[in-house]
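Notes follow once the structure below has been shown.
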Amino acid sequence: MTEPVSLHFVTLLGSLRKGSLNAAVARALPALAPAGVRISALGSIADFPHYDADLQGAGFPPPVLAMAEQIRAADGVVIVTPEYNYSIPGALKNAIDWLSRVSPQPFAGKAVAIQSVSPGLLGGARAQYHLRQSLVFLDAHVLNKPEVMVGQAAGRMGGDPPELHDAATRDFIGTQLQALAALAAKLGRAA
């Protein structure tokens with residue numbers, strides 16, 4: 001009998017909004033994780049100052065270093081983000097810009113899944129494609145399929161703060177987390 005895989009994933013939330021639908025999905029992830037996978041949230045990207053090379057020259061802000069270490073220590077990362085103006089939110093791009101400069105690079109060789117949630121029909125698809133471009137530069141291993149793009153999200157949520165109640169969406173997200181676990185395990189064996 002083989003031992004169950006024990007993996008730890010962290011979630012990086014691209015939204016700062018208190019009532020965020022993306023935050024609702026991120027909060028649901030620990031309960032949707034497959035057996036042998038633990039999921040915990042990273043700190044808020046709101047704690048990162050605007051990236052400035054002069055600030056970096058004076059030393060990395062503690063929230064940046066803390067998040068980089070948590071990502072480095074994790075087996076995988078789930079990025080949950082809204083779409084703003086056909087791309088990712090500025091706060092998420094800012095966080096990636098900061099994290100990209102930490103050495104060793106925390107995303108390098110890391111299994112990453114992307115999820116996007118939107119009240120619109122496309123579910124944040126365009127944001128995902130822009131985010132993938134940045135993650136290529138960081139040498140992350142982005143999971144290709146299944147892609148989680150939760151469109152018309154308001155109908156899949158309920159409560160205040162919102163909670164993800166739609167069973168089909170929860171099941172599909174669980175399928176993606178299983179695929180991420182398989183990718184992370186494969187990468188771990190290759191290391």
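For the structure tokens, the naming scheme is as follows: chains receive sequential letters (A, B, ...) according to their order of presentation, residues are indexed from 1 within each chain, and ligands are indexed from 1 in presentation order.
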- Compile the contact shell of range 68-70 of chain A as an NGL selection string: residues with an atom at most 8 Å away, counting only C-alpha atoms, same-chain residues fewer than 2 positions apart removed. :A and (10 or 42 or 64-66 or 72-74 or 99 or 102 or 105-106)
- Fewer than 2 positions away in the same chain doesn't count, so skip those; otherwise give me all residues within 9 Å of range 162-166 of chain A, counting only C-alpha atoms, as a PyMOL selection string. chain A and resi 19-21+23-25+27-28+153-160+168-171
- Message: I'd like the neighbourhood of Gln178 in chain A as a PyMOL selection string, where a residue qualifies if any of its atoms comes within 8 Å (using only C-alpha atoms), though same-chain residues fewer than 4 positions away should be ignored.
- Response: chain A and resi 33-34+174+182
Resulting file, chosen residues, N, CA and C atoms, as a compact mmCIF listing (two decimals), in the first residue's frame:
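Produced file again_39.txt, reproduced below:
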# COMPACT_ATOMS: atom_id res chain seq x y z
N ALA A 33 -10.00 20.64 -1.64
CA ALA A 33 -8.72 19.99 -1.90
C ALA A 33 -8.86 18.47 -1.88
N PRO A 34 -8.15 17.80 -2.77
CA PRO A 34 -8.17 16.34 -2.75
C PRO A 34 -7.44 15.80 -1.52
N GLY A 174 -12.50 21.31 -7.84
CA GLY A 174 -11.85 20.15 -7.24
C GLY A 174 -11.07 19.33 -8.25
N ALA A 182 -1.33 16.37 -9.11
CA ALA A 182 -0.57 15.44 -9.96
C ALA A 182 0.65 16.13 -10.55
- Query: Which is closest to Ile71 in chain A among A:Ala167, A:Leu7, A:Ala113, A:Leu12, if we use only C-alpha atoms?
  - Reply: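 Distance minimum relative to Ile71 in chain A lands on A:Leu12.
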- Query: What are the DSSP helix (DSSP H, G or I) residues of range 4-159 of chain A, as a ChimeraX atom specification?
  - Reply: /A:21-32,45-47,53-57,62-73,90-99,125-137,153-156
- Atom-to-atom span, CA of Pro89 in chain A and CA of Val37 in chain A, Å: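 About the pair CA of Pro89 in chain A and CA of Val37 in chain A: they are 28.2 Å apart.
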- Task: DSSP on the backbone, then: every residue of chain A marked strand (DSSP E or B), written as an MDAnalysis selection string.
- Result: chainID A and resid 7:13 37:41 76:81 84 87 111:117 141:142 148:150 157:158 163:164
Suppose we keep N, CA and C atoms; can you now write the selection as a CSV table (one decimal), in the first residue's frame?
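Writing the result to result-v6.csv gives the following:
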chain,number,residue,atom,x,y,z
A,7,LEU,N,0.9,17.2,0.1
A,7,LEU,CA,1.3,18.4,-0.5
A,7,LEU,C,0.6,19.6,0.1
A,8,HIS,N,1.3,20.7,0.0
A,8,HIS,CA,0.8,22.0,0.6
A,8,HIS,C,0.8,23.0,-0.6
A,9,PHE,N,-0.4,23.6,-0.8
A,9,PHE,CA,-0.6,24.7,-1.8
A,9,PHE,C,-0.9,25.9,-1.0
A,10,VAL,N,-0.5,27.1,-1.6
A,10,VAL,CA,-0.9,28.4,-1.1
A,10,VAL,C,-1.7,29.1,-2.2
A,11,THR,N,-2.6,30.0,-1.7
A,11,THR,CA,-3.4,30.8,-2.6
A,11,THR,C,-3.0,32.2,-2.6
A,12,LEU,N,-2.8,32.8,-3.8
A,12,LEU,CA,-2.5,34.2,-4.0
A,12,LEU,C,-3.7,34.8,-4.6
A,13,LEU,N,-4.3,35.7,-3.8
A,13,LEU,CA,-5.6,36.4,-4.2
A,13,LEU,C,-5.3,37.7,-4.9
A,37,VAL,N,-3.8,16.9,0.3
A,37,VAL,CA,-3.5,18.2,-0.1
A,37,VAL,C,-4.0,19.2,0.9
A,38,ARG,N,-3.2,20.0,1.4
A,38,ARG,CA,-3.6,21.1,2.4
A,38,ARG,C,-3.4,22.4,1.6
A,39,ILE,N,-4.4,23.3,1.8
A,39,ILE,CA,-4.3,24.6,1.1
A,39,ILE,C,-4.5,25.7,2.2
A,40,SER,N,-3.6,26.7,2.1
A,40,SER,CA,-3.6,27.9,3.0
A,40,SER,C,-3.4,29.2,2.2
A,41,ALA,N,-4.0,30.2,2.8
A,41,ALA,CA,-3.9,31.5,2.1
A,41,ALA,C,-2.6,32.3,2.4
A,76,GLY,N,2.8,24.0,-4.4
A,76,GLY,CA,2.1,24.6,-5.6
A,76,GLY,C,1.4,25.9,-5.1
A,77,VAL,N,1.0,26.7,-6.1
A,77,VAL,CA,0.4,28.0,-5.9
A,77,VAL,C,-0.9,28.0,-6.7
A,78,VAL,N,-2.0,28.5,-6.1
A,78,VAL,CA,-3.3,28.7,-6.8
A,78,VAL,C,-3.5,30.2,-6.8
A,79,ILE,N,-3.5,30.8,-8.0
A,79,ILE,CA,-3.7,32.3,-8.1
A,79,ILE,C,-5.2,32.4,-8.5
A,80,VAL,N,-5.9,33.2,-7.7
A,80,VAL,CA,-7.3,33.5,-8.0
A,80,VAL,C,-7.4,35.0,-8.2
A,81,THR,N,-7.9,35.3,-9.4
A,81,THR,CA,-7.9,36.8,-9.7
A,81,THR,C,-9.1,37.2,-10.6
A,84,TYR,N,-9.5,42.9,-14.8
A,84,TYR,CA,-9.7,44.3,-14.9
A,84,TYR,C,-9.3,44.8,-16.3
A,87,SER,N,-7.3,42.4,-18.4
A,87,SER,CA,-6.0,42.0,-17.9
A,87,SER,C,-6.1,41.7,-16.4
A,111,ALA,N,4.6,24.5,-9.4
A,111,ALA,CA,3.3,24.1,-10.1
A,111,ALA,C,2.4,25.2,-9.7
A,112,VAL,N,1.7,25.8,-10.7
A,112,VAL,CA,0.8,26.9,-10.5
A,112,VAL,C,-0.5,26.7,-11.3
A,113,ALA,N,-1.6,26.9,-10.6
A,113,ALA,CA,-3.0,26.9,-11.2
A,113,ALA,C,-3.5,28.3,-11.2
A,114,ILE,N,-4.3,28.6,-12.2
A,114,ILE,CA,-4.9,29.9,-12.3
A,114,ILE,C,-6.4,29.7,-12.2
A,115,GLN,N,-7.1,30.6,-11.4
A,115,GLN,CA,-8.5,30.6,-11.4
A,115,GLN,C,-9.0,32.0,-11.5
A,116,SER,N,-10.0,32.3,-12.3
A,116,SER,CA,-10.6,33.6,-12.4
A,116,SER,C,-12.1,33.6,-12.2
A,117,VAL,N,-12.6,34.6,-11.6
A,117,VAL,CA,-14.0,34.7,-11.3
A,117,VAL,C,-14.5,36.1,-11.8
A,141,HIS,N,5.6,26.5,-13.7
A,141,HIS,CA,4.9,25.4,-14.5
A,141,HIS,C,3.4,25.6,-14.3
A,142,VAL,N,2.8,26.3,-15.2
A,142,VAL,CA,1.4,26.6,-15.1
A,142,VAL,C,0.6,25.4,-15.7
A,148,VAL,N,-9.9,27.0,-15.0
A,148,VAL,CA,-11.1,27.4,-14.2
A,148,VAL,C,-11.4,28.9,-14.4
A,149,MET,N,-12.5,29.2,-15.1
A,149,MET,CA,-12.9,30.5,-15.4
A,149,MET,C,-14.4,30.5,-15.0
A,150,VAL,N,-14.7,31.1,-13.9
A,150,VAL,CA,-16.0,31.1,-13.4
A,150,VAL,C,-16.8,32.3,-13.9
A,157,MET,N,-22.9,32.2,-6.3
A,157,MET,CA,-22.6,32.6,-5.0
A,157,MET,C,-23.8,32.9,-4.2
A,158,GLY,N,-23.6,33.0,-2.9
A,158,GLY,CA,-24.7,33.5,-2.0
A,158,GLY,C,-24.1,33.9,-0.7
A,163,GLU,N,-20.3,33.2,-0.6
A,163,GLU,CA,-19.7,31.9,-0.5
A,163,GLU,C,-20.1,31.1,-1.8
A,164,LEU,N,-19.2,30.3,-2.2
A,164,LEU,CA,-19.4,29.5,-3.4
A,164,LEU,C,-20.3,28.3,-3.1
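The two atoms in question, CA of Gly123 in chain A and CA of Ile88 in chain A, are spaced 12.4 Å apart.
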